[in-house]
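A.B. asks: What follows is the file final-v6.cif, containing mmCIF, C-alpha atoms:
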data_my_file
loop_
_atom_site.group_PDB
_atom_site.id
_atom_site.type_symbol
_atom_site.label_atom_id
_atom_site.label_comp_id
_atom_site.auth_asym_id
_atom_site.auth_seq_id
_atom_site.Cartn_x
_atom_site.Cartn_y
_atom_site.Cartn_z
ATOM 1 C CA MET A 1 0.000 0.000 0.000
ATOM 2 C CA MET A 2 2.833 2.406 0.806
ATOM 3 C CA THR A 3 4.446 1.791 -2.614
ATOM 4 C CA MET A 4 1.207 2.569 -4.444
ATOM 5 C CA SER A 5 0.797 5.795 -2.535
ATOM 6 C CA VAL A 6 4.389 6.899 -3.264
ATOM 7 C CA ASN A 7 4.024 5.985 -6.964
ATOM 8 C CA LEU A 8 0.724 7.834 -7.218
ATOM 9 C CA ARG A 9 2.241 10.884 -5.531
ATOM 10 C CA GLY A 10 5.178 10.812 -7.945
ATOM 11 C CA ARG A 11 2.889 10.595 -10.968
ATOM 12 C CA CYS A 12 0.751 13.477 -9.689
ATOM 13 C CA LEU A 13 3.824 15.624 -9.135
ATOM 14 C CA ALA A 14 5.095 14.798 -12.634
ATOM 15 C CA VAL A 15 1.746 15.738 -14.168
ATOM 16 C CA LEU A 16 1.631 18.995 -12.202
ATOM 17 C CA ALA A 17 5.187 19.869 -13.184
ATOM 18 C CA ALA A 18 4.476 19.199 -16.859
ATOM 19 C CA ALA A 19 1.235 21.193 -16.752
ATOM 20 C CA SER A 20 2.894 24.207 -15.156
ATOM 21 C CA VAL A 21 5.560 24.638 -17.835
ATOM 22 C CA THR A 22 3.485 26.174 -20.623
ATOM 23 C CA VAL A 23 -0.038 27.508 -20.639
ATOM 24 C CA SER A 24 -1.545 26.953 -24.081
ATOM 25 C CA LEU A 25 -3.934 29.679 -25.074
ATOM 26 C CA PRO A 26 -5.912 30.414 -28.215
ATOM 27 C CA ALA A 27 -4.137 33.704 -28.906
ATOM 28 C CA THR A 28 -0.847 35.172 -30.045
ATOM 29 C CA VAL A 29 0.317 37.365 -27.232
ATOM 30 C CA PRO A 30 2.053 40.717 -27.717
ATOM 31 C CA PRO A 31 4.756 41.866 -25.298
ATOM 32 C CA ALA A 32 3.642 43.875 -22.300
ATOM 33 C CA ASN A 33 3.659 47.585 -22.987
ATOM 34 C CA ALA A 34 2.537 50.467 -20.806
ATOM 35 C CA ALA A 35 1.864 52.717 -23.807
ATOM 36 C CA GLY A 36 -1.645 54.079 -23.930
ATOM 37 C CA CYS A 37 -2.452 53.412 -20.285
ATOM 38 C CA GLU A 38 -1.174 56.557 -18.604
ATOM 39 C CA GLY A 39 -4.008 58.717 -17.351
ATOM 40 C CA THR A 40 -6.658 56.217 -18.438
ATOM 41 C CA SER A 41 -8.287 53.141 -17.022
ATOM 42 C CA CYS A 42 -6.453 49.934 -17.812
ATOM 43 C CA ALA A 43 -9.709 48.056 -17.444
ATOM 44 C CA LEU A 44 -10.522 45.421 -19.989
ATOM 45 C CA ASN A 45 -12.691 46.754 -22.797
ATOM 46 C CA ALA A 46 -15.726 44.970 -24.265
ATOM 47 C CA GLY A 47 -13.395 42.810 -26.357
ATOM 48 C CA GLY A 48 -11.559 41.704 -23.210
ATOM 49 C CA GLN A 49 -8.357 43.627 -23.891
ATOM 50 C CA GLY A 50 -6.715 46.380 -21.938
ATOM 51 C CA VAL A 51 -7.616 49.862 -23.113
ATOM 52 C CA GLY A 52 -4.947 50.874 -25.615
ATOM 53 C CA ALA A 53 -3.673 47.299 -25.889
ATOM 54 C CA PRO A 54 -2.726 45.967 -29.297
ATOM 55 C CA ALA A 55 -5.081 43.486 -30.946
ATOM 56 C CA VAL A 56 -4.534 39.853 -30.008
ATOM 57 C CA PRO A 57 -4.687 37.704 -33.144
ATOM 58 C CA PRO A 58 -5.714 34.023 -32.777
ATOM 59 C CA ALA A 59 -3.398 31.004 -32.246
ATOM 60 C CA ALA A 60 -0.317 30.360 -30.026
ATOM 61 C CA SER A 61 0.759 29.824 -26.423
ATOM 62 C CA VAL A 62 2.352 31.745 -23.575
ATOM 63 C CA ASP A 63 5.464 30.285 -21.958
ATOM 64 C CA ILE A 64 5.383 30.860 -18.193
ATOM 65 C CA ARG A 65 8.427 28.778 -17.218
ATOM 66 C CA GLU A 66 10.257 31.893 -16.027
ATOM 67 C CA ARG A 67 7.253 32.903 -13.876
ATOM 68 C CA ARG A 68 7.694 36.620 -14.595
ATOM 69 C CA SER A 69 5.058 39.292 -14.051
ATOM 70 C CA GLY A 70 5.168 40.022 -17.782
ATOM 71 C CA ASP A 71 4.332 36.380 -18.512
ATOM 72 C CA LEU A 72 1.302 36.613 -16.245
ATOM 73 C CA TYR A 73 0.302 39.856 -17.976
ATOM 74 C CA ARG A 74 0.445 38.127 -21.369
ATOM 75 C CA VAL A 75 -1.619 35.173 -20.099
ATOM 76 C CA CYS A 76 -4.256 37.551 -18.714
ATOM 77 C CA LEU A 77 -4.296 39.514 -21.960
ATOM 78 C CA ALA A 78 -4.629 36.377 -24.087
ATOM 79 C CA GLU A 79 -7.470 35.043 -21.939
ATOM 80 C CA ARG A 80 -9.259 38.384 -22.318
ATOM 81 C CA GLY A 81 -10.241 38.584 -18.648
ATOM 82 C CA LYS A 82 -12.292 35.370 -18.591
ATOM 83 C CA ALA A 83 -13.205 34.515 -15.004
ATOM 84 C CA SER A 84 -12.732 30.812 -15.779
ATOM 85 C CA GLY A 85 -9.208 31.281 -17.142
ATOM 86 C CA TRP A 86 -5.823 30.354 -15.688
ATOM 87 C CA CYS A 87 -4.941 34.015 -15.061
ATOM 88 C CA SER A 88 -8.063 34.701 -13.014
ATOM 89 C CA ALA A 89 -7.630 31.496 -11.009
ATOM 90 C CA TYR A 90 -3.990 32.350 -10.257
ATOM 91 C CA LEU A 91 -4.861 35.899 -9.205
ATOM 92 C CA MET A 92 -7.722 34.651 -6.995
ATOM 93 C CA GLY A 93 -5.303 32.308 -5.214
ATOM 94 C CA VAL A 94 -2.837 35.147 -4.630
ATOM 95 C CA ALA A 95 -5.565 37.519 -3.405
ATOM 96 C CA ASP A 96 -7.167 34.953 -1.099
ATOM 97 C CA THR A 97 -3.774 34.158 0.441
ATOM 98 C CA LEU A 98 -2.899 37.839 0.929
ATOM 99 C CA ALA A 99 -6.365 38.490 2.408
ATOM 100 C CA ALA A 100 -5.804 35.708 4.942
ATOM 101 C CA PHE A 101 -2.514 37.341 5.971
ATOM 102 C CA GLY A 102 -4.209 40.740 6.189
ATOM 103 C CA ASP A 103 -7.064 39.318 8.265
ATOM 104 C CA GLY A 104 -4.426 37.897 10.607
ATOM 105 C CA GLY A 105 -2.916 41.347 11.165
ATOM 106 C CA ASP A 106 0.073 41.001 8.829
ATOM 107 C CA LYS A 107 0.750 44.312 7.057
ATOM 108 C CA ALA A 108 2.210 42.384 4.105
ATOM 109 C CA GLY A 109 -1.283 41.096 3.323
ATOM 110 C CA ILE A 110 -4.237 42.948 1.851
ATOM 111 C CA CYS A 111 -6.948 44.502 3.998
ATOM 112 C CA ALA A 112 -10.534 45.740 3.764
ATOM 113 C CA VAL A 113 -11.009 43.667 0.645
ATOM 114 C CA ASP A 114 -14.229 43.096 -1.219
ATOM 115 C CA TYR A 115 -13.100 41.901 -4.638
ATOM 116 C CA THR A 116 -14.522 39.926 -7.507
ATOM 117 C CA ILE A 117 -12.480 37.681 -9.754
ATOM 118 C CA GLU A 118 -12.944 40.228 -12.550
ATOM 119 C CA ALA A 119 -11.701 43.070 -10.325
ATOM 120 C CA LEU A 120 -8.509 41.134 -9.606
ATOM 121 C CA THR A 121 -7.659 40.835 -13.291
ATOM 122 C CA GLU A 122 -8.429 44.518 -13.826
ATOM 123 C CA ALA A 123 -6.251 45.510 -10.851
ATOM 124 C CA TYR A 124 -3.341 43.375 -12.048
ATOM 125 C CA MET A 125 -3.564 44.626 -15.641
ATOM 126 C CA ALA A 126 -3.665 48.259 -14.467
ATOM 127 C CA TRP A 127 -0.622 47.661 -12.251
ATOM 128 C CA ALA A 128 1.264 45.948 -15.103
ATOM 129 C CA HIS A 129 0.564 48.858 -17.468
ATOM 130 C CA ALA A 130 1.766 51.378 -14.880
ATOM 131 C CA ASN A 131 4.848 49.388 -13.781
ATOM 132 C CA GLU A 132 6.491 48.099 -16.941
ATOM 133 C CA ALA A 133 9.923 48.171 -15.258
ATOM 134 C CA LEU A 134 8.706 45.572 -12.738
ATOM 135 C CA LEU A 135 7.438 43.059 -15.302
ATOM 136 C CA GLN A 136 10.687 41.081 -14.947
ATOM 137 C CA THR A 137 9.910 40.326 -11.286
ATOM 138 C CA ASP A 138 8.423 36.996 -10.225
ATOM 139 C CA MET A 139 4.715 36.847 -11.067
ATOM 140 C CA LEU A 140 3.761 36.208 -7.434
ATOM 141 C CA ALA A 141 5.672 39.334 -6.418
ATOM 142 C CA GLY A 142 4.000 41.362 -9.170
ATOM 143 C CA ALA A 143 0.490 40.204 -8.294
ATOM 144 C CA SER A 144 1.191 40.843 -4.604
ATOM 145 C CA LEU A 145 2.426 44.375 -5.308
ATOM 146 C CA ALA A 146 -0.623 45.079 -7.477
ATOM 147 C CA PHE A 147 -3.066 43.926 -4.823
ATOM 148 C CA ARG A 148 -1.237 45.692 -1.974
ATOM 149 C CA GLN A 149 -1.603 48.936 -3.918
ATOM 150 C CA CYS A 150 -5.361 48.390 -4.213
ATOM 151 C CA TRP A 151 -6.020 47.070 -0.708
ATOM 152 C CA PRO A 152 -3.137 48.122 1.593
ATOM 153 C CA CYS A 153 -2.968 47.212 5.266
ATOM 154 C CA GLY A 154 -2.133 49.805 7.912
ATOM 155 C CA ARG A 155 -1.163 52.846 5.882
#
Would you mind giving the structure from this file in structure tokens?
C.D. replies:
Amino acid sequence: MMTMSVNLRGRCLAVLAAASVTVSLPATVPPANAAGCEGTSCALNAGGQGVGAPAVPPAASVDIRERRSGDLYRVCLAERGKASGWCSAYLMGVADTLAAFGDGGDKAGICAVDYTIEALTEAYMAWAHANEALLQTDMLAGASLAFRQCWPCGR
């Protein structure tokens, strides 16, 4: 029984590792660019793209192996803000974790939060447009910075 459990765990870890390497999306993704966002909302427009964002033609994938904030931006852009997408799920996990820290009194968390999954994507996209120099940071760090700007603890 112990061998089966170890083998099953190993297979699950291998599947998870393989799945986390590349996120295949039905869109060609342009590089992140803050142009067109200054002084305007970086909310997703009716077509699901950031205001001022270049058009996203169909067909390709986004490589997230380096786990950079810019990679997350491109995934979010390609998914066009869909609440059921990988981007939204990732951002919800980050926000829920930071909210738990904030609720526990940790100033590194987020506080006084009342967000929707759509608001998280909008907040991250706005942050990415305004902070192009930080798009080389780890995507967890970028999402955390974006959410701490929106819902800071103890300012």
A.B. asks: When distances are computed from only C-alpha atoms, which of A:Phe101, A:Tyr90, A:Tyr73, A:Tyr115 shows the smallest separation from Cys150 in chain A?
C.D. replies: A:Tyr115
A.B. asks: Between A:Val62, A:Gly70, A:Ile110, A:Ala89, which has the minimum distance to Glu132 in chain A (counting all atoms listed in the file)?
C.D. replies: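 Nearest candidate to Glu132 in chain A out of A:Val62, A:Gly70, A:Ile110, A:Ala89: A:Gly70.
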A.B. asks: What do you get, as a VMD selection string, if you spell out every residue that the PyMOL selection byres ((chain A and resi 136) around 8) selects here?
C.D. replies: chain A and resid 68 to 70 133 to 135 137 to 138
A.B. asks: Could you tell me how far CA of Ala108 in chain A lies from CA of Met139 in chain A, in Å and to one decimal?
C.D. replies: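 Interatomic distance here is 16.3 Å.
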A.B. asks: My list of candidates is A:Ala83, A:Ala78, A:Ala141, A:Ala112. Which is closest to Cys153 in chain A when distances are computed with only C-alpha atoms?
C.D. replies: A:Ala112
A.B. asks: My list of candidates is A:Gly81, A:Gly93, A:Gly109, A:Gly102. Which is closest to Leu145 in chain A when distances are computed with all atoms listed in the file?
C.D. replies: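 Using all atoms listed in the file, Leu145 in chain A sits closest to A:Gly109.
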A.B. asks: Quick one: distance from CA of Gln149 in chain A to CA of Cys111 in chain A in Å, one decimal?
C.D. replies: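 Calculated distance between CA of Gln149 in chain A and CA of Cys111 in chain A is 10.5 Å.
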A.B. asks: So what do you get for CA of Ala126 in chain A versus CA of Arg148 in chain A, distance-wise?
C.D. replies: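 CA of Arg148 in chain A lies at a distance of 13.0 Å from CA of Ala126 in chain A.
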A.B. asks: Considering only C-alpha atoms, state which residue in the set A:Val75, A:Ser84, A:Lys107, A:Ala99 is at the smallest distance from Tyr124 in chain A.
C.D. replies: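 Closest to Tyr124 in chain A of all the choices is A:Val75.
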A.B. asks: Name the residues in contact with Ala123 in chain A at a cut-off of 10 Å, using only C-alpha atoms, excluding same-chain residues fewer than 5 positions from it; report them as a ChimeraX atom specification.
C.D. replies: /A:42-43,91,115,118,128,143,146-147,149-150
A.B. asks: Just need the box for range 129-146 of chain A, edges along x, y and z, holding every atom the file lists for it with 4 Å tacked onto each side, so centre and edge lengths in Å to one decimal, as lines of an AutoDock Vina configuration file.
C.D. replies:
center_x = 5.0
center_y = 43.8
center_z = -11.0
size_x = 19.3
size_y = 23.2
size_z = 20.9
A.B. asks: I need the residue nearest Leu77 in chain A from this list: A:Thr116, A:Glu122, A:Ala95, A:Gly154. Use all atoms listed in the file for the distance.
C.D. replies: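 For Leu77 in chain A, the nearest of the given residues is A:Glu122.
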